[in-house]
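Reproduced below: upload-v6.txt, with compact mmCIF, C-alpha atoms and all ligand atoms.
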# COMPACT_ATOMS: atom_id res chain seq x y z
CA MET A 200 99.21 237.48 223.16
CA GLU A 201 100.76 237.55 226.63
CA HIS A 202 104.26 238.95 226.79
CA ILE A 203 106.96 236.31 227.26
CA TYR A 204 110.24 237.58 228.73
CA ASP A 205 113.52 235.87 227.98
CA CYS A 206 114.40 236.06 231.65
CA ILE A 207 112.57 236.92 234.85
CA ILE A 208 114.68 237.46 237.94
CA ILE A 209 112.95 237.10 241.31
CA GLY A 210 114.71 239.24 243.91
CA GLY A 211 116.53 242.57 243.71
CA GLY A 212 119.58 242.09 245.93
CA PRO A 213 123.15 241.99 244.56
CA ALA A 214 122.57 238.55 242.96
CA GLY A 215 119.39 239.68 241.20
CA LEU A 216 120.77 243.05 240.11
CA SER A 217 123.94 241.48 238.77
CA SER A 218 121.86 238.82 236.94
CA GLY A 219 119.87 241.68 235.42
CA LEU A 220 122.96 243.54 234.29
CA TYR A 221 124.41 240.48 232.57
CA ALA A 222 121.10 239.34 231.07
CA ALA A 223 120.25 242.75 229.63
CA ARG A 224 123.79 243.27 228.32
CA SER A 225 123.28 239.99 226.42
CA LYS A 226 120.16 241.55 224.89
CA MET A 227 117.79 239.30 226.80
CA ASP A 228 114.36 240.81 227.37
CA THR A 229 114.62 240.90 231.17
CA LEU A 230 112.24 241.69 234.02
CA LEU A 231 113.35 241.90 237.65
CA ILE A 232 110.63 241.49 240.27
CA GLU A 233 111.26 242.72 243.83
CA ARG A 234 108.66 242.78 246.60
CA THR A 235 110.27 245.29 248.98
CA LYS A 236 113.43 247.30 248.45
CA TYR A 237 116.26 246.88 245.99
CA GLY A 238 119.59 245.88 247.49
CA GLY A 239 118.27 243.20 249.88
CA GLN A 240 120.35 242.57 252.96
CA ILE A 241 123.17 244.93 252.00
CA THR A 242 120.89 247.91 252.57
CA THR A 243 121.29 247.10 256.26
CA THR A 244 125.08 247.40 256.02
CA ASP A 245 126.75 250.70 256.68
CA GLU A 246 130.22 249.96 255.39
CA LEU A 247 131.24 247.60 252.61
CA GLU A 248 134.97 247.38 252.98
CA ASN A 249 135.43 243.97 251.39
CA TYR A 250 133.77 244.51 248.01
CA PRO A 251 136.69 244.96 245.59
CA GLY A 252 137.04 248.57 244.49
CA SER A 253 134.68 249.85 247.18
CA ILE A 254 134.90 253.61 247.25
CA GLU A 255 135.16 255.63 250.44
CA ASN A 256 131.85 255.71 252.32
CA CYS A 257 130.49 252.85 250.23
CA THR A 258 127.27 251.91 252.02
CA GLY A 259 125.02 249.01 251.13
CA THR A 260 122.32 251.43 250.08
CA ASN A 261 124.43 253.49 247.69
CA LEU A 262 126.08 250.40 246.17
CA SER A 263 122.69 248.83 245.48
CA GLU A 264 121.39 252.08 243.96
CA ARG A 265 124.36 252.13 241.59
CA MET A 266 123.82 248.45 240.73
CA LYS A 267 120.14 249.07 239.98
CA ASN A 268 120.82 252.14 237.82
CA GLN A 269 123.51 250.26 235.89
CA ALA A 270 121.12 247.36 235.18
CA ALA A 271 118.35 249.80 234.17
CA ASP A 272 120.75 251.58 231.77
CA PHE A 273 121.19 248.28 229.91
CA GLY A 274 117.43 247.79 229.64
CA VAL A 275 116.30 245.72 232.62
CA LYS A 276 112.63 246.39 233.42
CA PHE A 277 111.62 246.45 237.08
CA ALA A 278 108.36 245.45 238.77
CA LYS A 279 107.47 245.98 242.44
CA ASP A 280 105.41 242.88 243.06
CA GLU A 281 105.27 239.71 245.15
CA ILE A 282 105.15 236.34 243.45
CA VAL A 283 102.79 233.96 245.24
CA ASP A 284 102.89 230.89 242.98
CA VAL A 285 105.21 229.45 240.37
CA ASP A 286 104.78 226.88 237.61
CA MET A 287 108.23 226.25 236.23
CA ASP A 288 108.06 222.80 234.65
CA GLY A 289 107.03 223.86 231.12
CA VAL A 290 109.20 225.51 228.47
CA ILE A 291 107.44 228.76 229.32
CA LYS A 292 107.56 229.41 233.06
CA VAL A 293 104.54 231.07 234.69
CA LEU A 294 104.78 233.27 237.78
CA LYS A 295 101.65 234.50 239.56
CA SER A 296 101.42 237.49 241.85
CA LYS A 297 98.25 238.76 243.56
CA LYS A 298 97.74 241.23 240.72
CA ASP A 299 99.46 239.80 237.64
CA ILE A 300 100.74 236.80 235.71
CA TYR A 301 104.25 236.85 234.29
CA ARG A 302 105.73 234.48 231.71
CA ALA A 303 109.36 233.78 230.81
CA ARG A 304 111.65 231.36 229.04
CA THR A 305 114.06 231.35 231.97
CA ILE A 306 113.83 232.17 235.67
CA ILE A 307 116.63 233.24 237.99
CA ILE A 308 115.75 232.77 241.66
CA ALA A 309 117.61 235.37 243.72
CA THR A 310 115.31 235.70 246.72
CA GLY A 311 118.09 235.71 249.33
CA ALA A 312 117.66 235.20 253.06
CA ASN A 313 116.05 236.84 256.10
CA PRO A 314 117.60 237.54 259.52
CA ARG A 315 116.95 234.68 261.94
CA LEU A 316 115.35 235.17 265.35
CA SER A 317 117.46 234.12 268.30
CA GLY A 318 114.49 232.50 270.05
CA PHE A 319 114.46 234.06 273.52
CA LYS A 320 111.28 234.94 275.43
CA ASN A 321 109.66 238.24 274.37
CA GLU A 322 111.89 238.59 271.28
CA ARG A 323 108.89 239.11 268.99
CA GLU A 324 106.96 241.21 271.51
CA LEU A 325 109.78 243.76 271.94
CA ARG A 326 110.87 243.81 268.29
CA GLY A 327 110.95 247.45 267.23
CA ARG A 328 110.77 248.47 270.91
CA GLY A 329 114.43 248.01 271.72
CA ILE A 330 115.08 244.81 269.80
CA SER A 331 116.41 245.27 266.27
CA TYR A 332 117.89 243.25 263.42
CA CYS A 333 119.41 246.22 261.56
CA ALA A 334 122.07 248.48 263.05
CA THR A 335 122.19 250.79 260.03
CA CYS A 336 118.44 251.39 260.39
CA ASP A 337 118.25 251.81 264.16
CA ALA A 338 121.69 252.67 265.64
CA ASP A 339 120.85 256.36 265.80
CA PHE A 340 118.04 255.71 268.32
CA PHE A 341 120.66 254.47 270.77
CA THR A 342 123.02 257.44 270.76
CA ASP A 343 124.85 257.60 274.12
CA LEU A 344 122.90 254.55 275.38
CA ASP A 345 123.92 250.98 276.24
CA VAL A 346 123.22 248.22 273.75
CA ALA A 347 123.85 244.49 273.41
CA VAL A 348 124.63 242.49 270.29
CA ILE A 349 123.82 238.78 270.11
CA GLY A 350 126.01 236.58 267.89
CA GLY A 351 129.66 236.01 267.09
CA GLY A 352 129.76 235.94 263.28
CA ASP A 353 130.77 238.58 260.73
CA SER A 354 127.38 240.31 260.95
CA ALA A 355 127.42 240.59 264.74
CA ILE A 356 130.98 241.92 264.91
CA THR A 357 130.68 244.29 261.90
CA GLU A 358 127.54 245.77 263.39
CA ALA A 359 128.93 245.88 266.95
CA ILE A 360 131.82 247.99 265.63
CA TYR A 361 129.39 250.22 263.74
CA LEU A 362 127.20 250.64 266.83
CA THR A 363 130.15 252.06 268.81
CA LYS A 364 129.86 255.21 266.66
CA PHE A 365 126.54 255.88 268.41
CA ALA A 366 126.18 253.92 271.63
CA GLU A 367 127.92 254.54 274.94
CA SER A 368 128.70 250.82 275.26
CA VAL A 369 128.20 247.67 273.19
CA THR A 370 128.12 244.28 274.92
CA VAL A 371 128.52 241.30 272.60
CA ILE A 372 126.82 238.20 273.99
CA HIS A 373 128.11 235.02 272.36
CA ARG A 374 127.17 231.42 273.02
CA ARG A 375 130.76 230.14 272.77
CA ASP A 376 134.17 231.36 273.96
CA ALA A 377 135.48 232.15 270.47
CA LEU A 378 134.12 234.32 267.69
CA ARG A 379 133.22 232.94 264.27
CA ALA A 380 133.93 236.35 262.64
CA THR A 381 136.94 236.98 260.37
CA LYS A 382 140.18 237.61 262.28
CA SER A 383 140.53 241.22 261.07
CA LEU A 384 137.06 242.03 262.43
CA GLN A 385 137.90 240.29 265.69
CA ASP A 386 141.06 242.42 266.04
CA LYS A 387 139.09 245.60 265.49
CA ALA A 388 136.48 244.58 268.04
CA PHE A 389 139.00 243.48 270.69
CA HIS A 390 140.79 246.83 270.33
CA ASN A 391 137.62 248.90 270.57
CA SER A 392 137.29 250.21 274.12
CA LYS A 393 133.51 250.54 273.83
CA ILE A 394 133.01 246.82 273.12
CA LYS A 395 132.71 244.30 275.97
CA PHE A 396 132.09 240.56 275.69
CA ILE A 397 129.97 238.10 277.62
CA TRP A 398 131.15 234.63 276.60
CA ASN A 399 129.52 231.19 276.70
CA SER A 400 126.17 232.81 277.27
CA THR A 401 122.73 232.98 275.73
CA VAL A 402 119.90 235.45 276.14
CA GLU A 403 116.93 233.70 277.72
CA GLU A 404 114.50 236.57 277.98
CA ALA A 405 113.98 240.24 277.18
CA VAL A 406 112.31 242.19 279.97
CA GLY A 407 110.44 245.47 279.57
CA LYS A 408 106.90 246.80 279.82
CA GLU A 409 106.69 249.14 276.83
CA ILE A 410 110.31 249.05 275.75
CA LEU A 411 113.29 246.79 276.39
CA GLU A 412 114.80 247.36 279.84
CA GLN A 413 116.99 244.34 280.50
CA LEU A 414 118.16 241.00 279.18
CA VAL A 415 118.19 237.80 281.19
CA ILE A 416 121.44 236.01 280.32
CA LYS A 417 122.43 232.44 281.13
CA ASN A 418 126.00 231.22 281.33
CA LYS A 419 125.94 227.87 279.54
CA ILE A 420 128.84 226.44 281.53
CA THR A 421 128.02 227.49 285.08
CA GLY A 422 124.26 227.82 284.65
CA GLU A 423 124.49 231.24 286.33
CA ILE A 424 121.69 233.68 285.45
CA ARG A 425 122.39 237.41 285.35
CA LYS A 426 120.46 240.48 284.29
CA LEU A 427 121.97 243.12 282.02
CA LYS A 428 120.43 246.56 281.84
CA VAL A 429 120.36 247.66 278.20
CA ASP A 430 118.46 250.16 276.09
CA GLY A 431 118.79 248.18 272.87
CA CYS A 432 119.53 244.67 271.68
CA PHE A 433 120.68 243.85 268.15
CA VAL A 434 120.28 240.24 267.05
CA PHE A 435 122.68 238.83 264.43
CA VAL A 436 122.49 235.06 264.65
CA GLY A 437 122.45 234.16 260.96
CA TYR A 438 119.87 234.02 258.19
CA ASP A 439 117.17 231.72 256.80
CA PRO A 440 116.66 231.26 253.05
CA ILE A 441 113.53 232.76 251.47
CA SER A 442 112.62 229.66 249.52
CA GLN A 443 109.11 228.62 250.69
CA LEU A 444 107.66 229.48 247.26
CA PHE A 445 109.85 226.84 245.63
CA LYS A 446 109.44 224.03 248.19
CA GLY A 447 108.65 220.73 246.50
CA LYS A 448 109.43 222.28 243.10
CA VAL A 449 113.21 222.76 243.12
CA THR A 450 115.63 220.54 245.02
CA MET A 451 116.90 222.10 248.26
CA ASP A 452 118.97 221.02 251.22
CA GLU A 453 117.43 220.39 254.64
CA LYS A 454 117.71 224.09 255.55
CA GLY A 455 115.89 225.24 252.41
CA TYR A 456 118.89 226.44 250.38
CA ILE A 457 118.51 225.64 246.67
CA LEU A 458 120.97 223.20 245.10
CA THR A 459 122.63 224.27 241.85
CA ASP A 460 125.58 223.16 239.76
CA GLU A 461 128.52 225.52 239.36
CA ASP A 462 126.78 227.26 236.45
CA MET A 463 123.77 228.05 238.69
CA ARG A 464 121.43 225.48 237.09
CA THR A 465 118.81 224.02 239.41
CA ASP A 466 117.34 220.61 238.65
CA ILE A 467 114.57 222.21 236.57
CA SER A 468 115.62 223.14 233.04
CA GLY A 469 115.47 226.87 232.43
CA VAL A 470 115.48 227.65 236.16
CA PHE A 471 118.61 229.03 237.79
CA ALA A 472 119.44 230.29 241.28
CA ALA A 473 121.95 232.91 242.44
CA GLY A 474 123.18 234.45 245.68
CA ASP A 475 122.34 233.65 249.30
CA ILE A 476 119.42 231.40 248.35
CA ARG A 477 121.91 228.82 247.04
CA LYS A 478 123.60 226.15 249.08
CA LYS A 479 127.18 227.49 249.13
CA SER A 480 130.04 228.08 251.50
CA LEU A 481 130.58 231.85 251.27
CA ARG A 482 127.69 234.30 251.30
CA GLN A 483 129.04 237.75 250.48
CA VAL A 484 128.10 240.58 248.11
CA ILE A 485 130.92 239.56 245.79
CA THR A 486 129.82 235.91 245.62
CA ALA A 487 126.18 236.94 245.11
CA ALA A 488 127.17 239.28 242.26
CA ALA A 489 129.36 236.58 240.71
CA ASP A 490 126.52 234.03 240.92
CA GLY A 491 124.23 236.51 239.17
CA ALA A 492 126.68 236.99 236.30
CA ILE A 493 127.04 233.22 235.88
CA ALA A 494 123.28 232.54 236.15
CA ALA A 495 122.43 235.10 233.46
CA THR A 496 125.15 233.83 231.14
CA THR A 497 123.98 230.23 231.59
CA ALA A 498 120.37 231.31 231.01
CA GLU A 499 121.37 233.00 227.77
CA GLY A 500 123.18 229.82 226.66
CA TYR A 501 120.09 227.76 227.53
CA ILE A 502 117.83 229.90 225.31
CA GLU A 503 120.35 229.77 222.43
CA LYS A 504 120.83 226.02 222.69
CA ASN A 505 117.16 225.19 222.97
CA LYS A 506 116.07 227.83 220.43
CA ILE A 507 113.12 228.92 222.55
P1 LIG B 1 126.81 233.31 260.82
O1 LIG B 1 128.16 233.37 260.22
O2 LIG B 1 125.97 232.10 260.62
O3 LIG B 1 126.99 233.57 262.38
C1 LIG B 1 125.89 233.49 263.25
C2 LIG B 1 126.38 233.69 264.67
O4 LIG B 1 125.28 233.65 265.55
C3 LIG B 1 127.36 232.62 265.11
O5 LIG B 1 128.37 233.20 265.92
C4 LIG B 1 126.48 231.67 265.91
O6 LIG B 1 127.18 231.04 266.95
C5 LIG B 1 125.47 232.61 266.51
N1 LIG B 1 124.15 231.99 266.70
C6 LIG B 1 123.43 231.25 265.82
N2 LIG B 1 122.22 230.93 266.34
C7 LIG B 1 122.19 231.47 267.58
C8 LIG B 1 121.21 231.50 268.60
N3 LIG B 1 120.01 230.93 268.45
N4 LIG B 1 121.50 232.18 269.73
C9 LIG B 1 122.69 232.79 269.88
N5 LIG B 1 123.66 232.79 268.95
C10 LIG B 1 123.41 232.15 267.81
O7 LIG B 1 125.88 234.53 260.35
P2 LIG B 1 126.28 236.03 259.94
O8 LIG B 1 127.28 236.59 260.85
O9 LIG B 1 124.99 236.74 259.78
O10 LIG B 1 126.92 235.85 258.52
C11 LIG B 1 126.18 235.23 257.45
C12 LIG B 1 127.08 235.22 256.21
O11 LIG B 1 127.27 236.56 255.76
C13 LIG B 1 128.46 234.65 256.49
O12 LIG B 1 128.89 233.92 255.37
C14 LIG B 1 129.30 235.88 256.69
O13 LIG B 1 130.67 235.68 256.37
C15 LIG B 1 128.65 236.86 255.73
N6 LIG B 1 128.86 238.26 256.18
C16 LIG B 1 130.04 238.85 255.86
C17 LIG B 1 130.30 240.15 256.30
C18 LIG B 1 131.61 240.78 255.95
O14 LIG B 1 132.43 240.15 255.32
N7 LIG B 1 131.86 242.02 256.34
C19 LIG B 1 129.37 240.84 257.06
C20 LIG B 1 128.20 240.19 257.40
C21 LIG B 1 127.96 238.89 256.97
P3 LIG B 1 128.30 229.90 266.65
O15 LIG B 1 129.51 230.64 266.20
O16 LIG B 1 128.45 229.23 267.97
O17 LIG B 1 127.70 229.00 265.61

Let me see whether you can do it: turn the structure in this file into structure tokens.
Amino acid sequence: MEHIYDCIIIGGGPAGLSSGLYAARSKMDTLLIERTKYGGQITTTDELENYPGSIENCTGTNLSERMKNQAADFGVKFAKDEIVDVDMDGVIKVLKSKKDIYRARTIIIATGANPRLSGFKNERELRGRGISYCATCDADFFTDLDVAVIGGGDSAITEAIYLTKFAESVTVIHRRDALRATKSLQDKAFHNSKIKFIWNSTVEEAVGKEILEQLVIKNKITGEIRKLKVDGCFVFVGYDPISQLFKGKVTMDEKGYILTDEDMRTDISGVFAAGDIRKKSLRQVITAAADGAIAATTAEGYIEKNKI
């Protein structure tokens, strides 16, 4: 007979890993499926200073490694695989990948979100050739060079500050005249002599034959166009949920974020969602981890109550 897990978690970021820890500690037979690397978005973060109890030099990568090892110690099994279809209406949920079929009594969706493209001309063409979405991965290439950062949120400002450890100069290009980022990050950025700002402006085009050479920038108020010579451009303009697999199956908002109640139940019984994939107001490692703990605990209660 096919193996039926108590709980399958899709996604191995902080929400998925925390779900795994709580599910396995409750003695649920748990499988976590991740298609790329464990840790999700936090692996692109160099410094996690707002996760309670963060130790010195706590990077996204080492925190996610510790989370994974902790979950594994309690018995979570891990599969590197990509789910391509889901049938979640029955009591036993069926997940199909290209190479396997998985079955479970409960599913926790923790697929997270992907960095969004800004939308300027040649953004895709010069991606990886001067245009990047991950400072932790690529900052080193720009040692002593000039880079731009697009965006004004926590990601843009955190990464702009990080980039000053490498680059000669960091120019933040923001579409408004005020940052969205937390005040403490703003203070750090405004006091960093390597960071300059171009306000009320958007990047219209990236120019370069083989690699990025300059950005064409438009002032939204005056309409003035200017060119900025840069060696690198880091784009941090938000994220899009990775929820295509569940479209038409689980209720979502207009942006594709999954709706849950406060105990992480979706509108399908036995299916829960945790982390950045949920419609919520604060997307942080701590809220993802908390969602995971709640989702696993609710899933355990669901199995107990329904005696499945
Ligand atoms: P975000 O908060 O949605 O900010 C996106 C920024 O990009 C905004 O400043 C936005 O401008 C700008 N933007 C959006 N689309 C644009 C476009 N097409 N062209 C140019 N600019 C554009 O996204 P985020 O900074 O990635 O943060 C996502 C979530 O993660 C947030 O909840 C954030 O608090 C959290 N986070 C936290 C930390 C931390 O605490 N250290 C670090 C990273 C992320 P407007 O301001 O005009 O809308």

Can you check which parts of chain A lie within 7 Å of ligand LIG 1 (chain B)? Per residue, the shortest pair of atoms and distance in Å to one decimal, counting only C-alpha atoms and all ligand atoms, sorted by chain and number, as JSON lines.
{"residue": "A:Leu247", "atom": "CA", "partner": "B:LIG1", "partner_atom": "N7", "distance": 6.7}
{"residue": "A:Asn249", "atom": "CA", "partner": "B:LIG1", "partner_atom": "O14", "distance": 6.2}
{"residue": "A:Ser317", "atom": "CA", "partner": "B:LIG1", "partner_atom": "N3", "distance": 4.1}
{"residue": "A:Gly318", "atom": "CA", "partner": "B:LIG1", "partner_atom": "N3", "distance": 6.0}
{"residue": "A:Ile349", "atom": "CA", "partner": "B:LIG1", "partner_atom": "C9", "distance": 6.1}
{"residue": "A:Gly350", "atom": "CA", "partner": "B:LIG1", "partner_atom": "O4", "distance": 3.8}
{"residue": "A:Gly351", "atom": "CA", "partner": "B:LIG1", "partner_atom": "O5", "distance": 3.3}
{"residue": "A:Gly352", "atom": "CA", "partner": "B:LIG1", "partner_atom": "O8", "distance": 3.5}
{"residue": "A:Asp353", "atom": "CA", "partner": "B:LIG1", "partner_atom": "O8", "distance": 4.0}
{"residue": "A:Ser354", "atom": "CA", "partner": "B:LIG1", "partner_atom": "C20", "distance": 3.6}
{"residue": "A:Ala355", "atom": "CA", "partner": "B:LIG1", "partner_atom": "O8", "distance": 5.6}
{"residue": "A:Thr357", "atom": "CA", "partner": "B:LIG1", "partner_atom": "C19", "distance": 6.1}
{"residue": "A:His373", "atom": "CA", "partner": "B:LIG1", "partner_atom": "N5", "distance": 6.0}
{"residue": "A:Arg374", "atom": "CA", "partner": "B:LIG1", "partner_atom": "N5", "distance": 5.5}
{"residue": "A:Arg375", "atom": "CA", "partner": "B:LIG1", "partner_atom": "O16", "distance": 5.4}
{"residue": "A:Leu378", "atom": "CA", "partner": "B:LIG1", "partner_atom": "O15", "distance": 6.1}
{"residue": "A:Arg379", "atom": "CA", "partner": "B:LIG1", "partner_atom": "O15", "distance": 4.8}
{"residue": "A:Ala380", "atom": "CA", "partner": "B:LIG1", "partner_atom": "O8", "distance": 6.9}
{"residue": "A:Thr401", "atom": "CA", "partner": "B:LIG1", "partner_atom": "C9", "distance": 5.9}
{"residue": "A:Phe435", "atom": "CA", "partner": "B:LIG1", "partner_atom": "O9", "distance": 5.6}
{"residue": "A:Val436", "atom": "CA", "partner": "B:LIG1", "partner_atom": "O4", "distance": 3.3}
{"residue": "A:Gly437", "atom": "CA", "partner": "B:LIG1", "partner_atom": "O7", "distance": 3.5}
{"residue": "A:Tyr438", "atom": "CA", "partner": "B:LIG1", "partner_atom": "O9", "distance": 6.0}
{"residue": "A:Leu481", "atom": "CA", "partner": "B:LIG1", "partner_atom": "O12", "distance": 4.9}
{"residue": "A:Arg482", "atom": "CA", "partner": "B:LIG1", "partner_atom": "O12", "distance": 4.3}
{"residue": "A:Gln483", "atom": "CA", "partner": "B:LIG1", "partner_atom": "C15", "distance": 5.3}

Serialized selection, C-alpha atoms, as a PDB file, keeping the file's coordinate frame:
ATOM      1  CA  LEU A 247     131.240 247.600 252.610  1.00  0.00           C
ATOM      2  CA  ASN A 249     135.430 243.970 251.390  1.00  0.00           C
ATOM      3  CA  SER A 317     117.460 234.120 268.300  1.00  0.00           C
ATOM      4  CA  GLY A 318     114.490 232.500 270.050  1.00  0.00           C
ATOM      5  CA  ILE A 349     123.820 238.780 270.110  1.00  0.00           C
ATOM      6  CA  GLY A 350     126.010 236.580 267.890  1.00  0.00           C
ATOM      7  CA  GLY A 351     129.660 236.010 267.090  1.00  0.00           C
ATOM      8  CA  GLY A 352     129.760 235.940 263.280  1.00  0.00           C
ATOM      9  CA  ASP A 353     130.770 238.580 260.730  1.00  0.00           C
ATOM     10  CA  SER A 354     127.380 240.310 260.950  1.00  0.00           C
ATOM     11  CA  ALA A 355     127.420 240.590 264.740  1.00  0.00           C
ATOM     12  CA  THR A 357     130.680 244.290 261.900  1.00  0.00           C
ATOM     13  CA  HIS A 373     128.110 235.020 272.360  1.00  0.00           C
ATOM     14  CA  ARG A 374     127.170 231.420 273.020  1.00  0.00           C
ATOM     15  CA  ARG A 375     130.760 230.140 272.770  1.00  0.00           C
ATOM     16  CA  LEU A 378     134.120 234.320 267.690  1.00  0.00           C
ATOM     17  CA  ARG A 379     133.220 232.940 264.270  1.00  0.00           C
ATOM     18  CA  ALA A 380     133.930 236.350 262.640  1.00  0.00           C
ATOM     19  CA  THR A 401     122.730 232.980 275.730  1.00  0.00           C
ATOM     20  CA  PHE A 435     122.680 238.830 264.430  1.00  0.00           C
ATOM     21  CA  VAL A 436     122.490 235.060 264.650  1.00  0.00           C
ATOM     22  CA  GLY A 437     122.450 234.160 260.960  1.00  0.00           C
ATOM     23  CA  TYR A 438     119.870 234.020 258.190  1.00  0.00           C
ATOM     24  CA  LEU A 481     130.580 231.850 251.270  1.00  0.00           C
ATOM     25  CA  ARG A 482     127.690 234.300 251.300  1.00  0.00           C
ATOM     26  CA  GLN A 483     129.040 237.750 250.480  1.00  0.00           C
TER      27      GLN A 483
END

- Just how far from CA of Thr370 in chain A is CA of Phe433 in chain A, in Å to one decimal? 10.1 Å

- May I ask which of the residues A:Glu255, A:Asp430, A:Glu499, A:Glu324 is the closest one to Ile306 in chain A, counting only C-alpha atoms?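 Of all the options, A:Glu499 lies closest to Ile306 in chain A.
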
- Message: Quick check, in Å to one decimal: how far apart do CA of Gly431 in chain A and CA of Ile356 in chain A lie?
- Response: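 Answer for the CA of Gly431 in chain A to CA of Ile356 in chain A separation: 15.8 Å.
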
- Name the closest residue to Lys446 in chain A among the candidates A:Asp284, A:Asp386, A:Leu220, A:Leu414; distances are taken between atoms, counting all atoms listed in the file.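 For Lys446 in chain A, the nearest of the given residues is A:Asp284.
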
- Query: If we count only C-alpha atoms, what is near Asp272 in chain A at a cut-off of 10 Å, once residues fewer than 5 positions away on the same chain are taken out, given as a PyMOL selection string?
  - Reply: chain A and resi 220+223-224+266-267

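Going from CA of Leu344 in chain A to CA of Ser331 in chain A covers 14.5 Å.
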
- Given the choices A:Ala271, A:Ala487, A:Ile207, A:Leu362, which gets closest to Phe341 in chain A if the distance is worked out from all atoms listed in the file?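 Distance minimum relative to Phe341 in chain A lands on A:Leu362.
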
- Task: Would you mind telling me which residue in A:Glu403, A:Glu423, A:Asp460, A:Asp245 lies nearest to Lys320 in chain A when using all atoms listed in the file?
- Result: A:Glu403

- Query: Could you pull the residues within 10 Å of Asp466 in chain A, counting only C-alpha atoms, minus those fewer than 3 positions along the same chain, as a ChimeraX atom specification?
  - Reply: /A:448-451,457-460,463,469-471

What does the file look like for those residues with C-alpha atoms, as a PDB file, in the coordinates of the input?
ATOM      1  CA  LYS A 448     109.430 222.280 243.100  1.00  0.00           C
ATOM      2  CA  VAL A 449     113.210 222.760 243.120  1.00  0.00           C
ATOM      3  CA  THR A 450     115.630 220.540 245.020  1.00  0.00           C
ATOM      4  CA  MET A 451     116.900 222.100 248.260  1.00  0.00           C
ATOM      5  CA  ILE A 457     118.510 225.640 246.670  1.00  0.00           C
ATOM      6  CA  LEU A 458     120.970 223.200 245.100  1.00  0.00           C
ATOM      7  CA  THR A 459     122.630 224.270 241.850  1.00  0.00           C
ATOM      8  CA  ASP A 460     125.580 223.160 239.760  1.00  0.00           C
ATOM      9  CA  MET A 463     123.770 228.050 238.690  1.00  0.00           C
ATOM     10  CA  GLY A 469     115.470 226.870 232.430  1.00  0.00           C
ATOM     11  CA  VAL A 470     115.480 227.650 236.160  1.00  0.00           C
ATOM     12  CA  PHE A 471     118.610 229.030 237.790  1.00  0.00           C
TER      13      PHE A 471
END

- Item | Answer as a PyMOL selection string, residues within 12 Å of (136.3, 247.6, 249.8) using only C-alpha atoms | chain A and resi 246-259+262+484-485

Could you turn the residues from that selection into a file that holds C-alpha atoms, as a PDB file, in the frame of the given file?
ATOM      1  CA  GLU A 246     130.220 249.960 255.390  1.00  0.00           C
ATOM      2  CA  LEU A 247     131.240 247.600 252.610  1.00  0.00           C
ATOM      3  CA  GLU A 248     134.970 247.380 252.980  1.00  0.00           C
ATOM      4  CA  ASN A 249     135.430 243.970 251.390  1.00  0.00           C
ATOM      5  CA  TYR A 250     133.770 244.510 248.010  1.00  0.00           C
ATOM      6  CA  PRO A 251     136.690 244.960 245.590  1.00  0.00           C
ATOM      7  CA  GLY A 252     137.040 248.570 244.490  1.00  0.00           C
ATOM      8  CA  SER A 253     134.680 249.850 247.180  1.00  0.00           C
ATOM      9  CA  ILE A 254     134.900 253.610 247.250  1.00  0.00           C
ATOM     10  CA  GLU A 255     135.160 255.630 250.440  1.00  0.00           C
ATOM     11  CA  ASN A 256     131.850 255.710 252.320  1.00  0.00           C
ATOM     12  CA  CYS A 257     130.490 252.850 250.230  1.00  0.00           C
ATOM     13  CA  THR A 258     127.270 251.910 252.020  1.00  0.00           C
ATOM     14  CA  GLY A 259     125.020 249.010 251.130  1.00  0.00           C
ATOM     15  CA  LEU A 262     126.080 250.400 246.170  1.00  0.00           C
ATOM     16  CA  VAL A 484     128.100 240.580 248.110  1.00  0.00           C
ATOM     17  CA  ILE A 485     130.920 239.560 245.790  1.00  0.00           C
TER      18      ILE A 485
END

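Proximity to Glu358 in chain A was assessed for A:Thr310, A:Thr486, A:Thr244, A:Asn321 counting only C-alpha atoms; the smallest distance is recorded for A:Thr244.
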
- Query: When distances are computed from all atoms listed in the file, which of A:Pro213, A:Asp205, A:Ser368, A:Thr229 shows the smallest separation from Glu503 in chain A?
  - Reply: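 Closest to Glu503 in chain A of all the choices is A:Asp205.
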
- Message: Excluding Cys432 in chain A and its own-chain neighbours fewer than 6 positions away, which residues fall within 6 Å of it when counting all atoms listed in the file? Please give them as a list in words.
- Response: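 The filter keeps Ile330, Val346, Ala347 and Val348 of chain A.
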